[in-house]
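Next comes protein_0.tsv, with TSV, C-alpha atoms and all ligand atoms.
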```
chain	number	residue	atom	x	y	z
A	1	MET	CA	-4.56	-18.02	8.17
A	2	ASP	CA	-8.04	-19.50	7.96
A	3	GLN	CA	-10.47	-18.58	5.23
A	4	GLU	CA	-12.95	-16.80	7.47
A	5	MET	CA	-10.25	-14.52	8.90
A	6	LEU	CA	-8.98	-13.78	5.39
A	7	ASN	CA	-12.48	-12.88	4.16
A	8	MET	CA	-13.02	-10.63	7.14
A	9	LYS	CA	-9.75	-8.80	6.60
A	10	CYS	CA	-10.51	-8.44	2.90
A	11	CYS	CA	-13.85	-6.74	3.57
A	12	SER	CA	-12.42	-4.48	6.22
A	13	TYR	CA	-9.53	-3.33	3.95
A	14	LEU	CA	-11.94	-2.63	1.10
A	15	LYS	CA	-14.24	-0.58	3.33
A	16	GLU	CA	-11.35	1.37	4.78
A	17	LEU	CA	-9.98	2.25	1.33
A	18	CYS	CA	-13.29	3.00	-0.40
A	19	TYR	CA	-15.57	4.45	2.30
A	20	LYS	CA	-13.72	5.50	5.45
A	21	ILE	CA	-11.13	7.30	3.37
A	22	PRO	CA	-13.23	9.61	1.20
A	23	GLU	CA	-10.86	9.98	-1.76
A	24	ARG	CA	-7.45	8.79	-2.84
A	25	SER	CA	-6.48	11.21	-5.63
A	26	VAL	CA	-2.75	11.90	-5.54
A	27	GLY	CA	-1.86	14.88	-3.33
A	28	SER	CA	-5.14	14.80	-1.35
A	29	ALA	CA	-5.34	14.23	2.41
A	30	GLY	CA	-7.20	10.95	1.71
A	31	ASN	CA	-4.36	9.77	-0.48
A	32	ARG	CA	-1.86	10.34	2.34
A	33	GLU	CA	-4.22	8.59	4.74
A	34	ALA	CA	-4.46	5.59	2.41
A	35	THR	CA	-0.69	5.22	1.98
A	36	HIS	CA	-0.15	5.47	5.74
A	37	PHE	CA	-2.94	2.99	6.46
A	38	CYS	CA	-1.35	0.57	4.03
A	39	ALA	CA	2.17	1.06	5.48
A	40	ASP	CA	0.94	0.64	9.08
A	41	GLU	CA	-0.87	-2.61	8.28
A	42	ILE	CA	2.10	-4.08	6.45
A	43	SER	CA	4.67	-2.97	9.08
A	44	ALA	CA	2.54	-4.46	11.86
A	45	LEU	CA	2.91	-7.81	10.06
A	46	GLY	CA	6.68	-7.62	10.32
A	47	TRP	CA	7.54	-6.34	6.85
A	48	GLU	CA	10.36	-3.88	6.43
A	49	SER	CA	8.75	-0.88	4.78
A	50	GLU	CA	9.61	2.51	3.35
A	51	LEU	CA	7.52	5.43	2.11
A	52	PRO	CA	9.55	7.38	-0.45
A	53	GLU	CA	7.97	10.83	-0.71
A	54	PHE	CA	7.70	13.10	-3.74
A	55	ASP	CA	6.23	16.46	-4.74
A	56	THR	CA	2.88	16.45	-6.41
A	57	MET	CA	-0.15	18.64	-7.05
A	58	ASP	CA	-3.61	18.55	-5.58
A	59	TRP	CA	-6.42	20.33	-7.39
A	60	LYS	CA	-9.61	22.09	-6.37
A	61	ASP	CA	-12.54	22.22	-8.76
A	62	GLY	CA	-14.47	25.42	-8.09
A	63	GLY	CA	-16.62	25.06	-11.22
A	64	ALA	CA	-16.86	27.16	-14.37
A	65	ILE	CA	-19.25	29.65	-15.95
A	66	LEU	CA	-19.53	30.02	-19.72
A	67	ARG	CA	-21.75	32.76	-21.09
A	68	LEU	CA	-22.47	34.01	-24.60
A	69	GLU	CA	-25.14	36.53	-25.68
A	70	GLY	CA	-27.07	35.91	-22.48
A	71	GLU	CA	-27.01	32.13	-22.97
A	72	HIS	CA	-25.33	29.75	-20.55
A	73	PHE	CA	-23.42	26.62	-21.49
A	74	GLU	CA	-22.55	23.75	-19.20
A	75	ALA	CA	-18.78	23.42	-18.85
A	76	PHE	CA	-16.56	21.49	-16.42
A	77	VAL	CA	-13.11	22.51	-15.29
A	78	SER	CA	-10.36	20.36	-16.78
A	79	PRO	CA	-8.57	18.61	-13.91
A	80	TYR	CA	-5.40	20.45	-12.80
A	81	SER	CA	-6.17	23.43	-15.07
A	82	LEU	CA	-5.34	26.97	-14.00
A	83	GLY	CA	-8.38	29.15	-13.28
A	84	CYS	CA	-9.22	32.17	-15.45
A	85	THR	CA	-11.52	35.04	-16.35
A	86	VAL	CA	-11.39	35.57	-20.11
A	87	GLU	CA	-13.63	37.61	-22.38
A	88	ALA	CA	-12.78	37.04	-26.05
A	89	GLN	CA	-14.03	35.89	-29.42
A	90	LEU	CA	-15.06	32.26	-29.94
A	91	CYS	CA	-12.81	30.39	-32.41
A	92	LEU	CA	-13.20	26.79	-33.60
A	93	ALA	CA	-10.85	24.00	-34.60
A	94	SER	CA	-11.82	20.42	-35.42
A	95	THR	CA	-8.57	19.27	-37.05
A	96	ILE	CA	-4.84	19.91	-36.67
A	97	ALA	CA	-4.90	21.77	-40.01
A	98	GLU	CA	-7.60	24.15	-38.73
A	99	LEU	CA	-5.57	24.68	-35.56
A	100	GLU	CA	-2.48	25.47	-37.65
A	101	GLN	CA	-4.36	28.01	-39.79
A	102	GLY	CA	-6.49	29.64	-37.13
A	103	ASP	CA	-5.81	33.09	-35.73
A	104	ILE	CA	-6.50	32.17	-32.12
A	105	THR	CA	-4.03	34.07	-29.97
A	106	GLY	CA	-5.82	35.50	-26.94
A	107	GLU	CA	-9.20	34.14	-28.12
A	108	ILE	CA	-11.37	31.41	-26.62
A	109	LEU	CA	-10.82	28.26	-28.64
A	110	LEU	CA	-13.35	25.45	-28.97
A	111	LEU	CA	-11.75	22.11	-29.91
A	112	HIS	CA	-14.44	19.77	-31.22
A	113	GLY	CA	-14.96	16.80	-33.54
A	114	GLU	CA	-11.98	14.84	-34.88
A	115	ILE	CA	-9.26	16.70	-32.93
A	116	ALA	CA	-11.10	16.09	-29.63
A	117	LYS	CA	-11.62	12.34	-30.11
A	118	GLU	CA	-9.17	11.30	-27.42
A	119	GLN	CA	-7.65	12.55	-24.20
A	120	LEU	CA	-4.26	14.16	-24.84
A	121	MET	CA	-1.40	12.51	-23.04
A	122	PRO	CA	0.14	14.99	-20.58
A	123	LYS	CA	2.98	16.91	-22.22
A	124	ASN	CA	5.68	15.47	-19.95
A	125	PHE	CA	4.35	11.90	-19.91
A	126	VAL	CA	7.14	9.55	-20.92
A	127	PHE	CA	5.59	6.08	-21.20
A	128	TYR	CA	3.28	6.64	-24.14
A	129	ASN	CA	2.96	9.90	-26.00
A	130	PRO	CA	1.73	9.86	-29.61
A	131	GLU	CA	3.23	12.40	-32.00
A	132	GLU	CA	-0.22	13.76	-32.83
A	133	HIS	CA	-0.85	14.66	-29.18
A	134	GLN	CA	2.53	16.34	-28.85
A	135	LYS	CA	1.81	18.32	-32.01
A	136	ILE	CA	-1.55	19.57	-30.72
A	137	ILE	CA	0.03	20.63	-27.40
A	138	ALA	CA	2.92	22.37	-29.18
A	139	LEU	CA	0.53	24.27	-31.49
A	140	LEU	CA	-1.63	25.39	-28.57
A	141	GLU	CA	1.39	26.57	-26.60
A	142	ALA	CA	2.81	28.42	-29.62
A	143	LYS	CA	-0.47	30.18	-30.45
A	144	GLN	CA	-1.56	30.85	-26.87
A	145	PRO	CA	-5.35	31.09	-26.95
A	146	GLY	CA	-6.71	32.86	-23.85
A	147	ALA	CA	-8.58	29.72	-22.85
A	148	ILE	CA	-9.64	26.39	-24.35
A	149	ILE	CA	-13.00	24.61	-24.39
A	150	THR	CA	-13.00	20.95	-25.44
A	151	ALA	CA	-16.17	19.13	-26.52
A	152	THR	CA	-15.68	15.40	-26.16
A	153	GLY	CA	-17.56	12.14	-26.63
A	154	ARG	CA	-16.85	8.77	-25.08
A	155	ASN	CA	-13.51	7.01	-25.05
A	156	ALA	CA	-13.57	4.37	-22.33
A	157	ALA	CA	-10.31	2.70	-23.32
A	158	LEU	CA	-8.26	5.83	-22.67
A	159	ALA	CA	-10.38	7.98	-20.36
A	160	GLY	CA	-12.31	5.39	-18.35
A	161	GLY	CA	-16.09	5.40	-18.23
A	162	VAL	CA	-16.43	9.17	-17.99
A	163	TYR	CA	-18.68	11.21	-20.34
A	164	PRO	CA	-17.76	13.80	-21.38
A	165	PHE	CA	-14.08	13.23	-20.69
A	166	PRO	CA	-11.57	16.03	-20.15
A	167	MET	CA	-9.46	16.21	-23.31
A	168	ILE	CA	-6.80	18.02	-21.28
A	169	GLU	CA	-5.77	16.74	-17.84
A	170	ASP	CA	-2.31	18.14	-17.32
A	171	GLY	CA	-0.87	20.15	-14.42
A	172	ASP	CA	2.12	21.09	-16.59
A	173	PHE	CA	0.01	22.72	-19.30
A	174	ASP	CA	-0.70	26.35	-18.42
A	175	ILE	CA	-3.48	27.48	-20.79
A	176	PRO	CA	-6.75	27.37	-18.78
A	177	SER	CA	-9.28	24.87	-20.10
A	178	VAL	CA	-12.77	23.49	-19.56
A	179	TYR	CA	-14.66	20.64	-21.23
A	180	MET	CA	-18.24	19.85	-22.25
A	181	THR	CA	-20.38	17.24	-23.99
A	182	GLU	CA	-20.47	16.90	-27.77
A	183	GLU	CA	-24.08	18.15	-27.80
A	184	GLU	CA	-23.17	21.27	-25.83
A	185	GLY	CA	-20.18	21.74	-28.15
A	186	ARG	CA	-22.46	21.68	-31.23
A	187	ARG	CA	-24.76	24.27	-29.63
A	188	LEU	CA	-21.78	26.49	-28.81
A	189	ALA	CA	-20.13	26.09	-32.26
A	190	ALA	CA	-23.06	27.97	-33.84
A	191	TYR	CA	-21.73	31.15	-32.21
A	192	GLN	CA	-18.34	31.22	-33.94
A	193	GLY	CA	-16.83	34.73	-33.95
A	194	LYS	CA	-19.10	36.02	-31.17
A	195	PRO	CA	-17.77	37.38	-27.86
A	196	VAL	CA	-17.83	34.82	-25.06
A	197	VAL	CA	-17.07	35.02	-21.33
A	198	LEU	CA	-15.38	32.15	-19.49
A	199	LYS	CA	-14.76	32.13	-15.77
A	200	SER	CA	-13.08	29.11	-14.22
A	201	PHE	CA	-12.53	28.74	-10.48
A	202	SER	CA	-9.89	26.06	-10.63
A	203	GLU	CA	-6.97	25.97	-8.24
A	204	ARG	CA	-3.65	24.10	-8.15
A	205	ILE	CA	-2.36	23.16	-4.70
A	206	PRO	CA	1.25	21.99	-4.15
A	207	ALA	CA	1.24	18.76	-2.12
A	208	LYS	CA	3.23	15.67	-1.11
A	209	ALA	CA	2.54	12.00	-1.68
A	210	CYS	CA	4.42	8.72	-1.33
A	211	ASN	CA	4.67	5.14	-2.55
A	212	VAL	CA	4.58	2.27	-0.06
A	213	ILE	CA	7.29	-0.35	-0.50
A	214	ALA	CA	7.56	-3.40	1.76
A	215	ARG	CA	10.07	-6.26	1.63
A	216	LYS	CA	10.68	-9.71	3.02
A	217	GLY	CA	13.31	-12.30	2.11
A	218	ASN	CA	17.05	-12.44	2.06
A	219	ASN	CA	18.57	-11.98	-1.37
A	220	PRO	CA	17.87	-8.53	-2.84
A	221	SER	CA	19.46	-9.46	-6.17
A	222	GLU	CA	16.43	-11.69	-6.91
A	223	ARG	CA	13.15	-9.86	-6.45
A	224	ILE	CA	9.55	-10.65	-7.16
A	225	VAL	CA	7.75	-7.32	-7.27
A	226	ILE	CA	4.00	-7.26	-6.71
A	227	THR	CA	2.37	-3.93	-7.53
A	228	ALA	CA	-1.03	-2.27	-7.31
A	229	HIS	CA	-1.74	1.43	-7.73
A	230	ILE	CA	-3.27	3.00	-4.64
A	231	ASP	CA	-4.49	6.30	-6.13
A	232	ALA	CA	-7.95	6.89	-7.59
A	233	LYS	CA	-9.57	9.62	-9.63
A	234	LYS	CA	-11.30	12.46	-7.82
A	235	GLY	CA	-15.01	11.76	-7.44
A	236	SER	CA	-14.64	7.96	-7.57
A	237	PRO	CA	-14.36	5.54	-4.62
A	238	GLY	CA	-12.01	3.57	-6.88
A	239	ALA	CA	-13.17	0.15	-5.69
A	240	ILE	CA	-12.26	-1.97	-8.72
A	241	ASP	CA	-9.75	0.69	-9.81
A	242	ASN	CA	-7.90	-0.10	-7.60
A	243	ALA	CA	-8.80	-0.70	-3.92
A	244	THR	CA	-9.09	-4.40	-4.78
A	245	GLY	CA	-5.47	-4.41	-5.99
A	246	VAL	CA	-4.22	-2.74	-2.80
A	247	THR	CA	-6.31	-5.18	-0.77
A	248	VAL	CA	-4.56	-8.08	-2.52
A	249	LEU	CA	-1.22	-6.55	-1.43
A	250	LEU	CA	-2.45	-6.31	2.17
A	251	LEU	CA	-3.78	-9.89	2.14
A	252	LEU	CA	-0.43	-11.07	0.77
A	253	ALA	CA	1.30	-9.22	3.61
A	254	ASN	CA	-0.80	-11.42	5.94
A	255	LEU	CA	-0.36	-14.67	4.01
A	256	LEU	CA	3.40	-14.22	3.70
A	257	LYS	CA	4.09	-12.76	7.12
A	258	ASP	CA	6.36	-15.70	8.01
A	259	TYR	CA	8.12	-15.77	4.65
A	260	ASP	CA	11.88	-16.08	5.05
A	261	GLY	CA	12.95	-17.37	1.62
A	262	ASP	CA	16.01	-16.44	-0.40
A	263	ARG	CA	14.17	-14.41	-2.95
A	264	VAL	CA	13.01	-10.95	-1.89
A	265	ILE	CA	9.29	-10.38	-2.18
A	266	GLU	CA	8.53	-6.71	-2.63
A	267	LEU	CA	4.98	-5.39	-2.19
A	268	VAL	CA	4.56	-1.98	-3.80
A	269	ALA	CA	1.58	0.38	-3.64
A	270	LEU	CA	2.38	2.68	-6.56
A	271	ASN	CA	0.89	6.12	-6.23
A	272	GLY	CA	-0.02	7.73	-9.54
A	273	GLU	CA	-1.44	5.40	-12.21
A	274	ASP	CA	-4.51	7.64	-12.48
A	275	TYR	CA	-2.55	10.87	-11.96
A	276	TYR	CA	-1.45	12.97	-14.93
A	277	ALA	CA	2.24	12.95	-13.98
A	278	ALA	CA	2.41	9.28	-12.79
A	279	SER	CA	4.66	10.62	-10.04
A	280	GLY	CA	4.78	7.43	-7.96
A	281	GLN	CA	5.74	5.39	-11.00
A	282	MET	CA	8.44	7.92	-11.96
A	283	ASN	CA	9.77	7.81	-8.40
A	284	TYR	CA	9.91	4.01	-8.42
A	285	ILE	CA	11.70	4.00	-11.77
A	286	SER	CA	14.34	6.46	-10.57
A	287	GLN	CA	14.88	4.38	-7.40
A	288	ASN	CA	15.28	1.22	-9.48
A	289	GLN	CA	17.03	2.57	-12.56
A	290	GLU	CA	20.02	0.23	-12.11
A	291	ARG	CA	18.08	-2.60	-10.49
A	292	PHE	CA	15.41	-3.73	-12.95
A	293	ALA	CA	17.68	-6.66	-13.88
A	294	ASP	CA	17.15	-8.02	-10.32
A	295	ILE	CA	13.42	-8.34	-10.90
A	296	LEU	CA	12.53	-11.94	-11.75
A	297	LEU	CA	8.87	-11.11	-12.17
A	298	ASN	CA	6.32	-8.33	-11.77
A	299	ILE	CA	2.74	-9.14	-10.85
A	300	ASN	CA	0.47	-6.11	-11.20
A	301	ILE	CA	-3.12	-6.10	-9.98
A	302	ASP	CA	-5.45	-3.49	-11.45
A	303	GLY	CA	-9.18	-3.69	-12.10
A	304	ALA	CA	-9.56	-7.08	-10.40
A	305	GLY	CA	-12.48	-8.52	-8.38
A	306	TYR	CA	-15.45	-7.45	-10.55
A	307	LYS	CA	-18.62	-9.31	-9.59
A	308	GLU	CA	-19.21	-10.76	-13.08
A	309	GLY	CA	-16.88	-13.17	-14.88
A	310	LYS	CA	-13.52	-14.56	-13.90
A	311	THR	CA	-10.18	-13.07	-12.91
A	312	ALA	CA	-7.86	-12.85	-15.93
A	313	LEU	CA	-4.11	-13.40	-15.83
A	314	SER	CA	-2.32	-11.87	-18.83
A	315	LEU	CA	1.17	-13.25	-19.26
A	316	PHE	CA	4.08	-11.26	-20.68
A	317	GLY	CA	7.41	-12.89	-21.54
A	318	LEU	CA	7.44	-15.49	-18.76
A	319	PRO	CA	10.31	-18.00	-18.74
A	320	ASP	CA	9.12	-21.58	-19.36
A	321	LYS	CA	8.83	-22.70	-15.77
A	322	MET	CA	6.87	-19.62	-14.70
A	323	GLN	CA	4.63	-19.91	-17.75
A	324	LYS	CA	3.90	-23.52	-16.83
A	325	ARG	CA	3.09	-22.59	-13.24
A	326	ALA	CA	0.80	-19.76	-14.38
A	327	ILE	CA	-1.14	-22.24	-16.52
A	328	GLU	CA	-1.32	-24.56	-13.49
A	329	ALA	CA	-2.75	-21.67	-11.45
A	330	VAL	CA	-5.48	-21.23	-14.04
A	331	GLU	CA	-6.35	-24.94	-13.67
A	332	LYS	CA	-6.09	-24.99	-9.88
A	333	PHE	CA	-8.09	-21.85	-9.02
A	334	GLU	CA	-11.65	-22.04	-10.25
A	335	GLY	CA	-12.24	-18.30	-10.61
A	336	ILE	CA	-9.10	-17.64	-12.66
A	337	THR	CA	-8.56	-17.78	-16.41
A	338	GLU	CA	-5.91	-16.65	-18.88
A	339	GLY	CA	-6.58	-13.23	-20.43
A	340	VAL	CA	-5.39	-11.41	-23.55
A	341	GLN	CA	-2.46	-9.01	-23.25
A	342	TRP	CA	-3.36	-5.36	-22.61
A	343	PRO	CA	-1.09	-2.34	-22.21
A	344	GLN	CA	-2.85	0.24	-19.98
A	345	GLY	CA	-1.38	-0.56	-16.59
A	346	ASP	CA	1.74	-0.44	-14.46
A	347	HIS	CA	2.88	-3.89	-15.67
A	348	SER	CA	3.87	-2.06	-18.89
A	349	ILE	CA	6.63	-0.24	-17.02
A	350	PHE	CA	8.25	-3.51	-16.00
A	351	ILE	CA	7.84	-4.97	-19.49
A	352	GLN	CA	9.56	-1.88	-20.95
A	353	TYR	CA	12.50	-2.59	-18.64
A	354	GLY	CA	12.66	-6.19	-19.84
A	355	CYS	CA	11.03	-7.92	-16.85
A	356	PRO	CA	8.58	-10.81	-17.22
A	357	ALA	CA	5.14	-9.72	-15.97
A	358	ILE	CA	1.68	-10.95	-15.10
A	359	ALA	CA	-1.23	-8.49	-15.18
A	360	VAL	CA	-4.19	-9.46	-13.02
A	361	THR	CA	-7.57	-7.92	-13.85
A	362	SER	CA	-11.23	-8.84	-14.39
A	363	GLN	CA	-12.04	-10.68	-17.60
A	364	TRP	CA	-15.22	-8.56	-17.84
A	365	PHE	CA	-13.15	-5.38	-18.12
A	366	LEU	CA	-10.90	-6.91	-20.77
A	367	GLU	CA	-14.01	-7.75	-22.78
A	368	ASN	CA	-15.71	-4.38	-22.21
A	369	MET	CA	-12.71	-2.06	-22.15
A	370	ASP	CA	-14.05	0.19	-24.91
A	371	SER	CA	-17.63	0.44	-23.72
A	372	GLN	CA	-17.67	0.20	-19.90
A	373	ASP	CA	-18.82	3.33	-18.05
A	374	ILE	CA	-17.64	2.39	-14.56
A	375	THR	CA	-13.97	3.22	-13.96
A	376	HIS	CA	-13.14	6.77	-12.81
A	377	THR	CA	-16.83	7.37	-11.89
A	378	PRO	CA	-18.96	7.07	-8.71
A	379	LYS	CA	-20.20	3.71	-10.08
A	380	ASP	CA	-16.84	2.18	-9.21
A	381	ASN	CA	-17.92	1.36	-5.64
A	382	LEU	CA	-18.01	-1.76	-3.46
A	383	GLU	CA	-21.39	-2.87	-4.84
A	384	ILE	CA	-19.63	-4.18	-7.93
A	385	VAL	CA	-16.88	-6.03	-6.04
A	386	ASP	CA	-16.88	-9.74	-5.21
A	387	SER	CA	-14.59	-9.94	-2.18
A	388	GLY	CA	-14.30	-13.73	-2.60
A	389	LYS	CA	-12.51	-13.13	-5.90
A	390	VAL	CA	-10.12	-10.70	-4.20
A	391	VAL	CA	-9.22	-13.35	-1.59
A	392	GLU	CA	-8.78	-15.96	-4.33
A	393	ILE	CA	-6.31	-13.71	-6.17
A	394	ALA	CA	-4.21	-13.28	-3.02
A	395	GLU	CA	-4.21	-17.05	-2.44
A	396	ALA	CA	-3.31	-17.77	-6.05
A	397	ILE	CA	-0.42	-15.30	-6.00
A	398	GLN	CA	0.86	-16.76	-2.74
A	399	TRP	CA	0.68	-20.25	-4.24
A	400	PHE	CA	2.38	-19.08	-7.43
A	401	ILE	CA	5.34	-17.20	-5.98
A	402	THR	CA	6.22	-19.67	-3.24
A	403	GLY	CA	6.50	-22.50	-5.77
A	404	ASP	CA	9.32	-23.53	-8.04
A	405	LEU	CA	9.60	-20.73	-10.63
A	406	LEU	CA	13.08	-20.95	-12.08
A	407	PRO	CA	15.23	-23.63	-13.67
A	408	THR	CA	17.35	-25.36	-11.05
A	409	TYR	CA	20.75	-23.71	-10.80
A	410	SER	CA	23.84	-25.81	-11.41
A	411	LYS	CA	25.03	-25.30	-7.83
A	412	THR	CA	22.07	-27.24	-6.50
A	413	ILE	CA	22.69	-30.37	-8.58
A	414	TYR	CA	25.88	-31.24	-6.71
A	415	PRO	CA	25.21	-33.71	-3.94
A	416	PRO	CA	25.07	-32.06	-0.52
A	417	GLY	CA	28.28	-32.08	1.55
A	501	ZN	ZN	-6.24	1.46	-12.48
```

Please re-express this file's structure in structure tokens.
Ligand SMILES: [Zn+2]
Amino acid sequence: MDQEMLNMKCCSYLKELCYKIPERSVGSAGNREATHFCADEISALGWESELPEFDTMDWKDGGAILRLEGEHFEAFVSPYSLGCTVEAQLCLASTIAELEQGDITGEILLLHGEIAKEQLMPKNFVFYNPEEHQKIIALLEAKQPGAIITATGRNAALAGGVYPFPMIEDGDFDIPSVYMTEEEGRRLAAYQGKPVVLKSFSERIPAKACNVIARKGNNPSERIVITAHIDAKKGSPGAIDNATGVTVLLLLANLLKDYDGDRVIELVALNGEDYYAASGQMNYISQNQERFADILLNINIDGAGYKEGKTALSLFGLPDKMQKRAIEAVEKFEGITEGVQWPQGDHSIFIQYGCPAIAVTSQWFLENMDSQDITHTPKDNLEIVDSGKVVEIAEAIQWFITGDLLPTYSKTIYPPG
């Protein structure tokens, strides 16, 4: 396929995913539209595809009202929270010890300071779940405050570029909650012990979603799995995070449309990296529980194509020949460099199951992970994407995976005939 055609397709995929489809949060109509768009494109190029479906939850943010002695406070509904109308006394906790000691049952609890420094991992999240988070959740569920207010700062590494961030984002946690800025939290904290009214118009909506899995090649016991998450946060076009990754999958579907090699190439749009329950990832794991040993390599694209800096390849446990070829790719493709290892992405799943992996992202994000204010916000739109870099990634991956990646097997050293 010539370069001009590839560039054109790249721009049209990006526009479709970021602008024509208004949102891609898991469970939303836009999310279903995106997965079907992706599947239709790939199938039309002759790939065998499947769309395994799973139950999920959509969420409607109707806003929140927080009132105390005639004063109003600005509060946002925690994503996937239950709604509520609660009138109770304001209690405070800034540490686990204060939470343990506090008499908070039925009251409205403000979590602020130290205890609210990071977003709690969802209670049923299996990949990474620190003991401290589990302890906070267990204490809250045991004590049952009527509702929770969290006052949070910035934590870009774990919550993206959002300020304030929701400390609780968990559709399996049933105590209603809202969140606010640290400043608003300090203003509210002065009213400890006073009666406060919280109304939240949040709604959970049962929904369906699916992954998109496409395959080409002949030997399913040797797979190269290329992944990119297709979902985005509500309120963000999700251009860098991660329409660019899905676009790389679609470009690869074009570049490899005549592929007929022995190894199976599997293109997977995983649906749930930015969703509290990671449902698409869980679905893929259960489908592949006995088959991770077949995976020669995972390449995961997330956060790639940022206008500044190069594309970074982070390498995890590659066998010698693959490692050598990855280094060659860095030399061959001008816009690509080797990056440091980082854990917050779907490549971690494959690494946990013992597969070699390459994570593809933007060097700029690796360098600014803790301070960037772009991901998960409206700023993550096509203005910050360099589509030329997206095309280069697809070309580099095609070059990489169609080359010689493994040591020559003994069967091939015998003379033919
Ligand atoms: Zn992402």

Give the residue list for ligand ZN 501 (chain A) at 10 Å, counting only C-alpha atoms and all ligand atoms, as a PDB file with C-alpha atoms, in the frame of the given file, sorted by chain and then by residue number.
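Okay, part.pdb is ready:
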```pdb
ATOM      1  CA  GLY A 160     -12.310   5.390 -18.350  1.00  0.00           C
ATOM      2  CA  ALA A 228      -1.030  -2.270  -7.310  1.00  0.00           C
ATOM      3  CA  HIS A 229      -1.740   1.430  -7.730  1.00  0.00           C
ATOM      4  CA  ILE A 230      -3.270   3.000  -4.640  1.00  0.00           C
ATOM      5  CA  ASP A 231      -4.490   6.300  -6.130  1.00  0.00           C
ATOM      6  CA  ALA A 232      -7.950   6.890  -7.590  1.00  0.00           C
ATOM      7  CA  LYS A 233      -9.570   9.620  -9.630  1.00  0.00           C
ATOM      8  CA  GLY A 238     -12.010   3.570  -6.880  1.00  0.00           C
ATOM      9  CA  ALA A 239     -13.170   0.150  -5.690  1.00  0.00           C
ATOM     10  CA  ILE A 240     -12.260  -1.970  -8.720  1.00  0.00           C
ATOM     11  CA  ASP A 241      -9.750   0.690  -9.810  1.00  0.00           C
ATOM     12  CA  ASN A 242      -7.900  -0.100  -7.600  1.00  0.00           C
ATOM     13  CA  ALA A 243      -8.800  -0.700  -3.920  1.00  0.00           C
ATOM     14  CA  GLY A 245      -5.470  -4.410  -5.990  1.00  0.00           C
ATOM     15  CA  GLY A 272      -0.020   7.730  -9.540  1.00  0.00           C
ATOM     16  CA  GLU A 273      -1.440   5.400 -12.210  1.00  0.00           C
ATOM     17  CA  ASP A 274      -4.510   7.640 -12.480  1.00  0.00           C
ATOM     18  CA  ILE A 301      -3.120  -6.100  -9.980  1.00  0.00           C
ATOM     19  CA  ASP A 302      -5.450  -3.490 -11.450  1.00  0.00           C
ATOM     20  CA  GLY A 303      -9.180  -3.690 -12.100  1.00  0.00           C
ATOM     21  CA  ALA A 304      -9.560  -7.080 -10.400  1.00  0.00           C
ATOM     22  CA  GLN A 344      -2.850   0.240 -19.980  1.00  0.00           C
ATOM     23  CA  GLY A 345      -1.380  -0.560 -16.590  1.00  0.00           C
ATOM     24  CA  ASP A 346       1.740  -0.440 -14.460  1.00  0.00           C
ATOM     25  CA  THR A 361      -7.570  -7.920 -13.850  1.00  0.00           C
ATOM     26  CA  THR A 375     -13.970   3.220 -13.960  1.00  0.00           C
ATOM     27  CA  HIS A 376     -13.140   6.770 -12.810  1.00  0.00           C
TER      28      HIS A 376
END
```

- Message: With distances taken over all atoms listed in the file, which residue among A:Ser12, A:Gln144, A:Ser177, A:Asn124 lies nearest Phe76 in chain A?
- Response: A:Ser177

Take the point (-5.4, 34.4, -26.8) in the file's coordinates, draw a sphere of radius 10 Å around it, and report as a PDB file with C-alpha atoms, keeping the file's coordinate frame every protein, DNA or RNA residue with an atom inside or on it, counting only C-alpha atoms.
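Final output, saved to part_20.pdb:
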```
ATOM      1  CA  VAL A  86     -11.390  35.570 -20.110  1.00  0.00           C
ATOM      2  CA  GLU A  87     -13.630  37.610 -22.380  1.00  0.00           C
ATOM      3  CA  ALA A  88     -12.780  37.040 -26.050  1.00  0.00           C
ATOM      4  CA  GLN A  89     -14.030  35.890 -29.420  1.00  0.00           C
ATOM      5  CA  ASP A 103      -5.810  33.090 -35.730  1.00  0.00           C
ATOM      6  CA  ILE A 104      -6.500  32.170 -32.120  1.00  0.00           C
ATOM      7  CA  THR A 105      -4.030  34.070 -29.970  1.00  0.00           C
ATOM      8  CA  GLY A 106      -5.820  35.500 -26.940  1.00  0.00           C
ATOM      9  CA  GLU A 107      -9.200  34.140 -28.120  1.00  0.00           C
ATOM     10  CA  ILE A 108     -11.370  31.410 -26.620  1.00  0.00           C
ATOM     11  CA  LEU A 109     -10.820  28.260 -28.640  1.00  0.00           C
ATOM     12  CA  LEU A 140      -1.630  25.390 -28.570  1.00  0.00           C
ATOM     13  CA  LYS A 143      -0.470  30.180 -30.450  1.00  0.00           C
ATOM     14  CA  GLN A 144      -1.560  30.850 -26.870  1.00  0.00           C
ATOM     15  CA  PRO A 145      -5.350  31.090 -26.950  1.00  0.00           C
ATOM     16  CA  GLY A 146      -6.710  32.860 -23.850  1.00  0.00           C
ATOM     17  CA  ALA A 147      -8.580  29.720 -22.850  1.00  0.00           C
ATOM     18  CA  ILE A 148      -9.640  26.390 -24.350  1.00  0.00           C
ATOM     19  CA  ILE A 175      -3.480  27.480 -20.790  1.00  0.00           C
TER      20      ILE A 175
END
```

- Message: Just want the 12 Å neighbourhood of Lys208 in chain A, counted on all atoms listed in the file, with same-chain residues fewer than 2 positions away dropped. Output as a PyMOL selection string.
- Response: chain A and resi 25-33+35+51-58+205-206+210-211+271+279-280

- Check the smallest atom-to-atom distance from each of A:Leu255, A:Leu17, A:Met369, A:Cys10 to Trp399 in chain A using all atoms listed in the file, then report the winner. A:Leu255

- Task: List every protein, DNA or RNA residue that has an atom no more than 12 Å from (-21.2, -4.5, -4.5) in the file's coordinate frame, counting all atoms listed in the file, and report them as a ChimeraX atom specification.
- Result: /A:11,14-15,18,239-240,305-308,379-388
